[in-house]
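Right, one structure below, let's go through it.
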Amino acid sequence: MDWGLKNRLSRIIKPETGKTVMLAVDHGYFLGPTTGLEEPGKTIAPLLPYADALMPTRGVLRTSVDASTSVPIVLRVSGGNSILKELSDEEITVTMEDAIRLNVSAVAVSIYVGAEYQKQTIMNLARMINEGERYGIPVLAVTAVGKDMARDARYLALACRIAAELGAHFVKTYYCDDFERVVRTCPVPIVMAGGKKIPELDALKLTYNAIKKGASGVDMGRNIFQAESPVAMIQAVRAVVHEKATPKKAYALYLSLKEAEAKRRKK
Ligand code: 5RP
């Protein structure tokens, strides 16, 4: 792997622990103003100091993220779909030149394996990998699932392996039973997507299990920014990912940080 590409990847997946806590805030590209992200700048600013990397769209990056930040950016560069139409109908929305101009550390492209526009999305990924290799920019493949797709190990292992075979430098996928199999059969690092909002303790358990079964971290959105206390939640997730805290210990940390925040607000 090229030095620049390796260097950028190591800004995201921290060499000290071999893990990462990425904060996903790109939901609006097909979901519009998602709960918790109505005003992206207000959501992102207090969470940014605790994120190892931020995953926004180009528009949110430009309008809602302080350009002086040292947090590496993983820029979403696929889109063109919306929740109202076929989700897999994505194309590339940002050129590699613009991604470089924005000083990103990686770009993210979704693939919809088994869906109507499977080939188009896989070729989107292949194209960005070719360009990423030319300029030293790592590519994160997002194994998006369509409305009717199973999220089981057989399907997710298939999608992750296809992404890795094409040359994706890291892959984002969902947690499932037999997650070890998905990790074992994917030769590049896997980060876990959080998925729909669940109770905080359950999200910490999910994180713990993913890390235990070999994930290189999380790329989590709703379970952080829709938590009752997002700033407490991202710190609890960090404790699991980087310090191997148990869900019980991390949840206790979450509650104490939440309480401290509530006290500060009352003053
Ligand atoms: C959608 C994405 C989103 O960034 C990601 O899935 C959102 O994270 P979360 O599921 O944790 O809210 O890549 O394809």
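Naming scheme: A, B, ... for chains in displayed order of the structure tokens; residues 1 onward per chain; ligands 1 onward as shown.
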Quick one: everything within 8 Å of range 255-265 of chain A, counting only C-alpha atoms, minus sequence neighbours fewer than 3 positions away in the same chain. Send it as a list of chain:residue names.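 That gives A:Ser229, A:Ala232, A:Tyr251, A:Ala252.
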Would you save the residues of that selection, restricted to all heavy atoms, as a compact mmCIF listing (two decimals), in the first residue's frame?
```
# COMPACT_ATOMS: atom_id res chain seq x y z
N SER A 229 -28.11 11.71 25.77
CA SER A 229 -26.95 12.60 25.88
C SER A 229 -25.89 12.15 24.87
O SER A 229 -25.09 11.26 25.14
CB SER A 229 -26.37 12.56 27.30
OG SER A 229 -25.15 13.27 27.30
N ALA A 232 -22.20 12.19 26.08
CA ALA A 232 -21.91 11.09 27.01
C ALA A 232 -21.83 9.77 26.25
O ALA A 232 -20.97 8.93 26.51
CB ALA A 232 -22.98 11.03 28.09
N TYR A 251 -21.76 1.75 30.27
CA TYR A 251 -23.09 2.33 30.53
C TYR A 251 -23.05 3.17 31.82
O TYR A 251 -23.66 4.24 31.89
CB TYR A 251 -24.14 1.23 30.63
CG TYR A 251 -25.55 1.77 30.70
CD1 TYR A 251 -26.08 2.56 29.68
CD2 TYR A 251 -26.37 1.49 31.80
CE1 TYR A 251 -27.35 3.07 29.75
CE2 TYR A 251 -27.67 2.00 31.88
CZ TYR A 251 -28.15 2.78 30.85
OH TYR A 251 -29.43 3.29 30.92
N ALA A 252 -22.30 2.68 32.81
CA ALA A 252 -22.15 3.45 34.06
C ALA A 252 -21.47 4.79 33.74
O ALA A 252 -21.86 5.84 34.27
CB ALA A 252 -21.35 2.65 35.08
```
If you run DSSP on this backbone, which residues of range 63-232 of chain A come out as strand (DSSP E), and could you give them as a VMD selection string? chain A and resid 74 to 76 78 to 79 91 to 92 106 to 111 139 to 143 170 to 173 190 to 193 217 to 220
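A distance cut-off of 7 Å from ligand 1, applied to only C-alpha atoms and all ligand atoms, picks out the residues Ala24, Val25, Asp26, His27, Met55, Ser110, Val142, Ala144, Ala193, Gly194, Gly195, Lys196, Asp219, Met220, Gly221, Arg222 and Asn223 of chain A.
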Got time to write the residues from that selection, N, CA, C and O atoms, as an mmCIF file, in the first residue's frame?
```cif
data_model
loop_
_atom_site.group_PDB
_atom_site.id
_atom_site.type_symbol
_atom_site.label_atom_id
_atom_site.label_comp_id
_atom_site.auth_asym_id
_atom_site.auth_seq_id
_atom_site.Cartn_x
_atom_site.Cartn_y
_atom_site.Cartn_z
ATOM 1 N N ALA A 24 -20.824 9.004 12.050
ATOM 2 C CA ALA A 24 -21.525 9.114 10.755
ATOM 3 C C ALA A 24 -22.608 10.190 10.848
ATOM 4 O O ALA A 24 -23.482 10.133 11.724
ATOM 5 N N VAL A 25 -22.526 11.182 9.956
ATOM 6 C CA VAL A 25 -23.532 12.252 9.938
ATOM 7 C C VAL A 25 -23.978 12.521 8.496
ATOM 8 O O VAL A 25 -24.381 13.634 8.162
ATOM 9 N N ASP A 26 -23.914 11.491 7.653
ATOM 10 C CA ASP A 26 -24.202 11.663 6.225
ATOM 11 C C ASP A 26 -25.644 11.307 5.861
ATOM 12 O O ASP A 26 -26.016 11.336 4.681
ATOM 13 N N HIS A 27 -26.462 10.990 6.862
ATOM 14 C CA HIS A 27 -27.802 10.442 6.622
ATOM 15 C C HIS A 27 -28.665 11.288 5.691
ATOM 16 O O HIS A 27 -29.477 10.768 4.932
ATOM 17 N N MET A 55 -17.834 11.363 9.273
ATOM 18 C CA MET A 55 -18.273 10.970 7.923
ATOM 19 C C MET A 55 -19.481 11.813 7.495
ATOM 20 O O MET A 55 -20.626 11.456 7.747
ATOM 21 N N SER A 110 -21.277 3.635 -1.242
ATOM 22 C CA SER A 110 -22.159 2.498 -0.908
ATOM 23 C C SER A 110 -22.246 1.514 -2.065
ATOM 24 O O SER A 110 -22.259 1.916 -3.231
ATOM 25 N N VAL A 142 -19.324 0.974 1.803
ATOM 26 C CA VAL A 142 -20.453 0.858 2.732
ATOM 27 C C VAL A 142 -21.388 -0.208 2.176
ATOM 28 O O VAL A 142 -21.947 -0.032 1.084
ATOM 29 N N ALA A 144 -24.429 -1.171 1.984
ATOM 30 C CA ALA A 144 -25.798 -0.751 2.258
ATOM 31 C C ALA A 144 -26.746 -1.911 1.984
ATOM 32 O O ALA A 144 -26.450 -2.765 1.146
ATOM 33 N N ALA A 193 -21.581 -0.418 11.377
ATOM 34 C CA ALA A 193 -22.603 0.646 11.349
ATOM 35 C C ALA A 193 -23.529 0.420 12.537
ATOM 36 O O ALA A 193 -23.817 -0.727 12.893
ATOM 37 N N GLY A 194 -23.989 1.498 13.128
ATOM 38 C CA GLY A 194 -24.831 1.359 14.322
ATOM 39 C C GLY A 194 -26.251 0.899 14.005
ATOM 40 O O GLY A 194 -26.855 0.134 14.746
ATOM 41 N N GLY A 195 -26.813 1.407 12.903
ATOM 42 C CA GLY A 195 -28.202 1.093 12.576
ATOM 43 C C GLY A 195 -29.169 1.960 13.355
ATOM 44 O O GLY A 195 -28.774 2.962 13.973
ATOM 45 N N LYS A 196 -30.450 1.550 13.324
ATOM 46 C CA LYS A 196 -31.519 2.339 13.974
ATOM 47 C C LYS A 196 -31.248 2.527 15.459
ATOM 48 O O LYS A 196 -30.623 1.684 16.082
ATOM 49 N N ASP A 219 -18.638 2.916 12.863
ATOM 50 C CA ASP A 219 -18.962 4.153 12.153
ATOM 51 C C ASP A 219 -20.414 4.395 12.510
ATOM 52 O O ASP A 219 -21.322 3.932 11.828
ATOM 53 N N MET A 220 -20.628 5.060 13.628
ATOM 54 C CA MET A 220 -21.948 5.104 14.250
ATOM 55 C C MET A 220 -22.571 6.487 14.147
ATOM 56 O O MET A 220 -21.878 7.491 14.316
ATOM 57 N N GLY A 221 -23.861 6.511 13.851
ATOM 58 C CA GLY A 221 -24.571 7.775 13.743
ATOM 59 C C GLY A 221 -25.688 7.888 14.750
ATOM 60 O O GLY A 221 -25.511 8.416 15.856
ATOM 61 N N ARG A 222 -26.869 7.319 14.394
ATOM 62 C CA ARG A 222 -28.079 7.548 15.193
ATOM 63 C C ARG A 222 -27.944 7.126 16.651
ATOM 64 O O ARG A 222 -28.504 7.777 17.526
ATOM 65 N N ASN A 223 -27.217 6.037 16.899
ATOM 66 C CA ASN A 223 -27.094 5.610 18.297
ATOM 67 C C ASN A 223 -26.207 6.533 19.116
ATOM 68 O O ASN A 223 -26.141 6.407 20.337
#
```
Quick one: residues within 12 Å of range 116-121 of chain A, only C-alpha atoms, excluding same-chain residues fewer than 5 positions away - as a PyMOL selection string? chain A and resi 77-81+85-92+108-111+126-128+141-149+159+162-163
Nearby residues (only C-alpha atoms) at most 12 Å from Glu97 in chain A, same-chain spacing under 3 positions excluded, as JSON, numbers by chain: {"A": [77, 93, 94, 100, 101, 102, 103, 104, 107, 128, 131, 132, 134, 135, 136, 137]}
Residues of range 50-241 of chain A classed as helix (DSSP H, G or I) by DSSP on the backbone are to be reported as a ChimeraX atom specification. /A:50,58-64,96-101,118-135,153-166,179-184,200-212,222-225,230-241
Please produce a file of the residues just selected, as a PDB file, in the first residue's frame, where the atoms kept are C-alpha atoms.
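Below is the file that was written, part23.pdb:
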```
ATOM      1  CA  TYR A  50     -14.487  12.720  20.744  1.00  0.00           C
ATOM      2  CA  ARG A  58     -19.771  17.539   0.996  1.00  0.00           C
ATOM      3  CA  GLY A  59     -22.588  19.996   1.763  1.00  0.00           C
ATOM      4  CA  VAL A  60     -22.564  19.359   5.498  1.00  0.00           C
ATOM      5  CA  LEU A  61     -18.770  19.487   5.603  1.00  0.00           C
ATOM      6  CA  ARG A  62     -18.684  22.893   3.906  1.00  0.00           C
ATOM      7  CA  THR A  63     -21.535  24.469   5.828  1.00  0.00           C
ATOM      8  CA  SER A  64     -21.441  22.844   9.240  1.00  0.00           C
ATOM      9  CA  MET A  96     -11.800  12.767  -6.363  1.00  0.00           C
ATOM     10  CA  GLU A  97     -10.290  16.174  -7.173  1.00  0.00           C
ATOM     11  CA  ASP A  98     -12.882  17.944  -5.023  1.00  0.00           C
ATOM     12  CA  ALA A  99     -12.432  15.382  -2.234  1.00  0.00           C
ATOM     13  CA  ILE A 100      -8.685  16.127  -2.282  1.00  0.00           C
ATOM     14  CA  ARG A 101      -9.385  19.880  -2.327  1.00  0.00           C
ATOM     15  CA  GLN A 118     -26.024  -3.718  -7.947  1.00  0.00           C
ATOM     16  CA  LYS A 119     -23.614  -3.443 -10.884  1.00  0.00           C
ATOM     17  CA  GLN A 120     -23.852   0.356 -11.092  1.00  0.00           C
ATOM     18  CA  THR A 121     -22.976   0.707  -7.390  1.00  0.00           C
ATOM     19  CA  ILE A 122     -20.163  -1.852  -7.527  1.00  0.00           C
ATOM     20  CA  MET A 123     -18.697  -0.007 -10.519  1.00  0.00           C
ATOM     21  CA  ASN A 124     -19.032   3.284  -8.565  1.00  0.00           C
ATOM     22  CA  LEU A 125     -16.854   1.680  -5.902  1.00  0.00           C
ATOM     23  CA  ALA A 126     -14.344   0.294  -8.429  1.00  0.00           C
ATOM     24  CA  ARG A 127     -14.018   3.709 -10.076  1.00  0.00           C
ATOM     25  CA  MET A 128     -13.320   5.517  -6.820  1.00  0.00           C
ATOM     26  CA  ILE A 129     -10.817   2.818  -5.784  1.00  0.00           C
ATOM     27  CA  ASN A 130      -8.943   3.325  -9.063  1.00  0.00           C
ATOM     28  CA  GLU A 131      -8.858   7.082  -8.423  1.00  0.00           C
ATOM     29  CA  GLY A 132      -8.010   6.568  -4.755  1.00  0.00           C
ATOM     30  CA  GLU A 133      -5.014   4.448  -5.758  1.00  0.00           C
ATOM     31  CA  ARG A 134      -3.873   7.201  -8.124  1.00  0.00           C
ATOM     32  CA  TYR A 135      -3.974   9.907  -5.435  1.00  0.00           C
ATOM     33  CA  ALA A 153     -23.793 -13.313   7.938  1.00  0.00           C
ATOM     34  CA  ARG A 154     -24.179 -15.048   4.589  1.00  0.00           C
ATOM     35  CA  TYR A 155     -25.321 -11.870   2.854  1.00  0.00           C
ATOM     36  CA  LEU A 156     -23.031  -9.443   4.692  1.00  0.00           C
ATOM     37  CA  ALA A 157     -19.964 -11.689   4.201  1.00  0.00           C
ATOM     38  CA  LEU A 158     -20.779 -11.748   0.476  1.00  0.00           C
ATOM     39  CA  ALA A 159     -21.090  -7.955   0.279  1.00  0.00           C
ATOM     40  CA  CYS A 160     -17.956  -7.257   2.377  1.00  0.00           C
ATOM     41  CA  ARG A 161     -15.875  -9.763   0.430  1.00  0.00           C
ATOM     42  CA  ILE A 162     -16.948  -8.316  -2.916  1.00  0.00           C
ATOM     43  CA  ALA A 163     -15.911  -4.850  -1.687  1.00  0.00           C
ATOM     44  CA  ALA A 164     -12.533  -6.128  -0.452  1.00  0.00           C
ATOM     45  CA  GLU A 165     -11.886  -8.107  -3.644  1.00  0.00           C
ATOM     46  CA  LEU A 166     -12.398  -4.920  -5.672  1.00  0.00           C
ATOM     47  CA  PHE A 179     -20.275 -11.704  12.772  1.00  0.00           C
ATOM     48  CA  GLU A 180     -16.906 -13.494  13.240  1.00  0.00           C
ATOM     49  CA  ARG A 181     -17.487 -15.109   9.865  1.00  0.00           C
ATOM     50  CA  VAL A 182     -18.008 -11.728   8.188  1.00  0.00           C
ATOM     51  CA  VAL A 183     -14.754 -10.434   9.739  1.00  0.00           C
ATOM     52  CA  ARG A 184     -12.765 -13.633   9.092  1.00  0.00           C
ATOM     53  CA  GLU A 200     -28.054   3.081  24.998  1.00  0.00           C
ATOM     54  CA  LEU A 201     -27.083  -0.068  26.932  1.00  0.00           C
ATOM     55  CA  ASP A 202     -28.049  -2.240  23.950  1.00  0.00           C
ATOM     56  CA  ALA A 203     -25.985  -0.071  21.590  1.00  0.00           C
ATOM     57  CA  LEU A 204     -22.983  -0.479  23.901  1.00  0.00           C
ATOM     58  CA  LYS A 205     -23.535  -4.261  23.974  1.00  0.00           C
ATOM     59  CA  LEU A 206     -23.672  -4.272  20.161  1.00  0.00           C
ATOM     60  CA  THR A 207     -20.406  -2.327  20.023  1.00  0.00           C
ATOM     61  CA  TYR A 208     -18.764  -4.639  22.570  1.00  0.00           C
ATOM     62  CA  ASN A 209     -19.766  -7.762  20.637  1.00  0.00           C
ATOM     63  CA  ALA A 210     -18.597  -6.330  17.310  1.00  0.00           C
ATOM     64  CA  ILE A 211     -15.184  -5.436  18.763  1.00  0.00           C
ATOM     65  CA  LYS A 212     -14.889  -8.811  20.497  1.00  0.00           C
ATOM     66  CA  ARG A 222     -28.079   7.548  15.193  1.00  0.00           C
ATOM     67  CA  ASN A 223     -27.094   5.610  18.297  1.00  0.00           C
ATOM     68  CA  ILE A 224     -24.829   8.509  19.182  1.00  0.00           C
ATOM     69  CA  PHE A 225     -26.578  11.680  18.013  1.00  0.00           C
ATOM     70  CA  PRO A 230     -24.938  12.343  22.648  1.00  0.00           C
ATOM     71  CA  VAL A 231     -21.702  13.647  24.193  1.00  0.00           C
ATOM     72  CA  ALA A 232     -21.906  11.094  27.015  1.00  0.00           C
ATOM     73  CA  MET A 233     -22.752   8.326  24.533  1.00  0.00           C
ATOM     74  CA  ILE A 234     -19.798   8.905  22.217  1.00  0.00           C
ATOM     75  CA  GLN A 235     -17.459   8.777  25.216  1.00  0.00           C
ATOM     76  CA  ALA A 236     -19.046   5.519  26.383  1.00  0.00           C
ATOM     77  CA  VAL A 237     -18.647   4.052  22.878  1.00  0.00           C
ATOM     78  CA  ARG A 238     -14.977   5.149  22.916  1.00  0.00           C
ATOM     79  CA  ALA A 239     -14.450   3.334  26.217  1.00  0.00           C
ATOM     80  CA  VAL A 240     -15.703   0.084  24.655  1.00  0.00           C
ATOM     81  CA  VAL A 241     -13.800   0.479  21.388  1.00  0.00           C
TER      82      VAL A 241
END
```
Using only C-alpha atoms, can you tell me which of A:Leu54, A:Leu23, A:Leu9, A:Leu37 comes closest to Gln226 in chain A? A:Leu37
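When only C-alpha atoms are used to compute distances to Ala51 in chain A, the closest of the residues A:Ser70, A:Ser105, A:Ser216, A:Thr35 turns out to be A:Ser70.
For the atom pair formed by CA of Thr34 in chain A and CA of Pro46 in chain A, the distance is 17.9 Å, given to one decimal.
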Using only C-alpha atoms, which residues sit within 6 Å of Pro138 in chain A once same-chain residues fewer than 5 positions away are excluded, as a list in words? Leu5, Ala106, Gly132 and His169 of chain A
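Among A:Lys172, A:Pro189, A:Glu39, A:Ile198, the residue with the shortest atom-to-atom distance to Val74 in chain A, counting only C-alpha atoms, is A:Lys172.
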Pick from A:Pro199, A:Gly36, A:Pro187, A:Pro72, whichever lies nearest to Ile12 in chain A using only C-alpha atoms: A:Pro72
Just the number, please: distance in Å from CA of Val218 in chain A to CA of His242 in chain A, one decimal. 10.8 Å
A:Leu75, A:Ala168, A:Ser82, A:Phe30: which is nearest Thr95 in chain A, counting only C-alpha atoms?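 Looking at the shortest contact to Thr95 in chain A, the residue is A:Leu75.
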